[in-house]
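As provided, entry.cif (mmCIF, C-alpha atoms) reads as follows.
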```cif
data_final
#
loop_
_atom_site.label_atom_id
_atom_site.label_comp_id
_atom_site.auth_asym_id
_atom_site.auth_seq_id
_atom_site.Cartn_x
_atom_site.Cartn_y
_atom_site.Cartn_z
CA MET A 1 -113.24 -4.64 -50.25
CA ASN A 2 -114.00 -4.24 -53.93
CA PRO A 3 -113.13 -7.44 -55.92
CA THR A 4 -111.66 -5.46 -58.82
CA LEU A 5 -109.38 -3.64 -56.40
CA LYS A 6 -108.25 -7.00 -54.95
CA THR A 7 -107.29 -8.32 -58.36
CA PHE A 8 -105.62 -5.02 -59.17
CA TYR A 9 -103.26 -5.42 -56.21
CA ALA A 10 -102.74 -9.18 -56.58
CA LYS A 11 -100.67 -9.19 -59.77
CA PRO A 12 -98.25 -6.35 -58.88
CA LEU A 13 -97.81 -7.79 -55.41
CA ALA A 14 -96.98 -11.23 -56.81
CA VAL A 15 -94.51 -9.71 -59.27
CA TYR A 16 -92.92 -7.61 -56.53
CA LEU A 17 -92.53 -10.61 -54.20
CA ALA A 18 -91.02 -12.73 -56.97
CA VAL A 19 -88.49 -10.01 -57.86
CA ALA A 20 -87.67 -9.39 -54.19
CA LEU A 21 -87.07 -13.10 -53.61
CA LEU A 22 -84.86 -13.26 -56.68
CA ALA A 23 -82.87 -10.21 -55.52
CA ILE A 24 -82.39 -11.59 -52.01
CA THR A 25 -81.18 -14.98 -53.21
CA THR A 26 -78.95 -13.54 -55.93
CA PHE A 27 -76.86 -11.38 -53.61
CA ALA A 28 -76.13 -14.00 -50.95
CA GLY A 29 -72.48 -13.95 -49.93
CA PRO A 30 -70.11 -16.88 -49.95
CA ALA A 31 -69.77 -19.14 -46.96
CA GLU A 32 -66.18 -20.12 -46.33
CA ALA A 33 -64.65 -22.64 -43.94
CA MET A 34 -61.47 -24.63 -43.63
CA PHE A 35 -59.92 -27.27 -41.41
CA VAL A 36 -56.75 -26.47 -39.54
CA PRO A 37 -54.07 -29.08 -40.26
CA SER A 38 -52.54 -30.64 -37.19
CA ALA A 39 -48.87 -30.71 -38.20
CA PRO A 40 -46.27 -30.72 -35.42
CA ASN A 41 -44.31 -27.56 -34.75
CA GLN A 42 -40.93 -27.94 -36.46
CA ASN A 43 -39.53 -24.55 -35.42
CA ALA A 44 -39.00 -25.09 -31.68
CA ALA A 45 -35.86 -22.92 -31.36
CA ALA A 46 -37.22 -19.74 -32.99
CA PRO A 47 -35.54 -16.39 -32.32
CA ALA A 48 -37.13 -13.88 -29.93
CA ALA A 49 -38.43 -11.67 -32.75
CA SER A 50 -40.14 -14.60 -34.38
CA SER A 51 -41.73 -15.66 -31.10
CA ALA A 52 -43.06 -12.12 -30.58
CA VAL A 53 -44.69 -12.19 -34.00
CA ARG A 54 -46.04 -15.65 -33.23
CA ALA A 55 -47.52 -14.42 -29.93
CA ALA A 56 -49.19 -11.49 -31.70
CA ASP A 57 -50.60 -13.80 -34.37
CA LEU A 58 -51.83 -16.24 -31.71
CA ALA A 59 -53.61 -13.35 -29.98
CA LYS A 60 -55.39 -12.50 -33.26
CA ILE A 61 -56.39 -16.12 -33.76
CA GLN A 62 -57.62 -16.38 -30.17
CA ALA A 63 -59.75 -13.25 -30.65
CA ALA A 64 -61.28 -14.73 -33.81
CA LEU A 65 -61.94 -18.06 -32.08
CA GLU A 66 -63.77 -16.34 -29.22
CA SER A 67 -66.63 -15.42 -31.53
CA LYS A 68 -69.80 -17.28 -30.58
CA ILE A 69 -70.49 -18.23 -34.20
CA VAL A 70 -67.01 -19.70 -34.66
CA GLN A 71 -67.22 -21.57 -31.35
CA GLN A 72 -70.60 -23.04 -32.31
CA LYS A 73 -69.29 -24.18 -35.70
CA LEU A 74 -66.24 -25.78 -34.09
CA MET A 75 -68.49 -27.60 -31.61
CA ASP A 76 -70.60 -28.78 -34.55
CA TYR A 77 -67.41 -30.28 -36.01
CA GLY A 78 -66.73 -31.97 -32.65
CA LEU A 79 -63.90 -29.71 -31.41
CA SER A 80 -63.86 -28.19 -27.97
CA PRO A 81 -62.10 -24.83 -27.41
CA GLU A 82 -59.22 -26.63 -25.67
CA GLU A 83 -58.74 -29.04 -28.58
CA THR A 84 -58.85 -26.14 -31.01
CA MET A 85 -56.13 -24.20 -29.21
CA ALA A 86 -54.04 -27.38 -28.88
CA ARG A 87 -54.19 -27.82 -32.65
CA VAL A 88 -53.41 -24.14 -33.25
CA ASN A 89 -50.35 -24.38 -30.97
CA LYS A 90 -49.01 -27.27 -33.10
CA LEU A 91 -48.95 -25.12 -36.25
CA THR A 92 -45.76 -23.73 -37.75
CA ASN A 93 -45.02 -19.99 -37.66
CA GLU A 94 -45.92 -19.63 -41.34
CA GLN A 95 -49.24 -21.40 -40.85
CA ILE A 96 -50.07 -19.28 -37.81
CA ASN A 97 -49.19 -16.12 -39.71
CA GLN A 98 -51.40 -17.18 -42.62
CA LEU A 99 -54.29 -18.08 -40.32
CA ALA A 100 -53.98 -14.80 -38.39
CA THR A 101 -53.96 -12.84 -41.64
CA HIS A 102 -57.13 -14.57 -42.82
CA ALA A 103 -58.80 -14.46 -39.39
CA GLU A 104 -59.15 -10.69 -39.71
CA SER A 105 -61.19 -11.07 -42.89
CA LEU A 106 -63.65 -13.68 -41.59
CA GLN A 107 -67.21 -13.06 -42.72
CA ALA A 108 -70.14 -14.53 -40.91
CA GLY A 109 -72.58 -14.65 -43.79
CA GLY A 110 -71.74 -12.40 -46.58
CA ASP A 111 -70.40 -9.12 -47.74
CA PRO A 112 -72.16 -6.00 -46.37
CA VAL A 113 -71.91 -4.40 -49.82
CA ASP A 114 -74.07 -7.17 -51.30
CA LEU A 115 -76.65 -6.62 -48.58
CA LEU A 116 -76.67 -2.89 -49.28
CA ILE A 117 -77.14 -3.47 -53.02
CA GLY A 118 -79.99 -5.90 -52.35
CA LEU A 119 -81.74 -3.46 -50.04
CA LEU A 120 -81.29 -0.67 -52.57
CA ILE A 121 -82.88 -2.77 -55.32
CA VAL A 122 -85.83 -3.64 -53.07
CA ALA A 123 -86.27 0.03 -52.15
CA ILE A 124 -86.24 1.07 -55.82
CA LEU A 125 -88.84 -1.59 -56.62
CA VAL A 126 -91.07 -0.36 -53.80
CA VAL A 127 -90.81 3.25 -55.03
CA VAL A 128 -91.61 2.22 -58.62
CA LEU A 129 -94.53 0.10 -57.48
CA ILE A 130 -95.96 2.92 -55.37
CA TYR A 131 -95.53 5.36 -58.28
CA LEU A 132 -97.33 3.01 -60.67
CA LEU A 133 -100.16 2.34 -58.20
CA GLN A 134 -100.76 6.03 -57.55
CA GLY A 135 -101.42 6.65 -61.22
CA ARG A 136 -104.04 3.88 -61.52
CA VAL A 137 -105.94 3.99 -58.25
CA THR A 138 -108.61 6.65 -57.97
CA VAL A 139 -110.09 7.53 -54.60
CA ARG A 140 -113.85 8.24 -54.55
#
```
I'd like the structure from this file rewritten - as structure tokens, please.
Amino acid sequence: MNPTLKTFYAKPLAVYLAVALLAITTFAGPAEAMFVPSAPNQNAAAPAASSAVRAADLAKIQAALESKIVQQKLMDYGLSPEETMARVNKLTNEQINQLATHAESLQAGGDPVDLLIGLLIVAILVVVLIYLLQGRVTVR
């Protein structure tokens, strides 16, 4: 390959890779985690309506805890699935309701909108780079 052509591609490629790396690292989503407090259940004689809501919330929490990513993280913290459910069962109705509400919005690694924006920026950079290279490269 022609040495001048190699140097011609080297600088734009380096700039493109630096900008792409910056874009990818800038739009990384937040990682969130929390420990579940192990307070005893103080509301043992709850009415039937409250227990129905509690059962529905427990079902939501159970569905969230069945995720392989969540199970792996809990095992990394030293909690087995049985220990986790035992701690969840000790929570008050308010705590279970709060946990069930937040369990629906769990994110494994980031917001999909941020990923879409990052991919869009990379695509625009590729199009601009191709446009600039077509104007300078002449085929013989």
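Between CA of Val113 (chain A) and CA of Leu132 (chain A) there is a distance of 28.6 Å.
Proximity ranking of A:Met85, A:Ala100, A:Leu21, A:Met34 relative to Val53 (chain A) places A:Ala100 first, based on only C-alpha atoms.
Taking CA of Asp114 (chain A) as the reference point, CA of Ala14 (chain A) is found at 23.9 Å.
Selection check: the PyMOL selection byres ((chain A and resi 121) around 12) on the shown file gives Tyr16, Val19, Ala20, Leu21, Leu22, Ala23, Ile24, Thr26, Phe27, Asp114, Leu115, Leu116, Ile117, Gly118, Leu119, Leu120, Val122, Ala123, Ile124, Leu125, Val126, Val127 and Val128 of chain A.
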Tell me, in Å to one decimal, how far CA of Met75 (chain A) is from CA of His102 (chain A). 20.6 Å
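Here the question is which of A:Tyr77, A:Leu58, A:Gln71, A:Ala103 gets nearest to Lys90 (chain A) using only C-alpha atoms, and that residue is A:Leu58.
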List as a ChimeraX atom specification the protein and nucleic acid residues near Ala56 (chain A), meaning an atom at most 10 Å away when only C-alpha atoms are counted, but skip any in the same chain fewer than 5 places from it. /A:50-51,61-62,96-97,100
Preceding selection exported with C-alpha atoms as a CSV table (one decimal), in the coordinates of the input:
```csv
chain,number,residue,atom,x,y,z
A,50,SER,CA,-40.1,-14.6,-34.4
A,51,SER,CA,-41.7,-15.7,-31.1
A,61,ILE,CA,-56.4,-16.1,-33.8
A,62,GLN,CA,-57.6,-16.4,-30.2
A,96,ILE,CA,-50.1,-19.3,-37.8
A,97,ASN,CA,-49.2,-16.1,-39.7
A,100,ALA,CA,-54.0,-14.8,-38.4
```
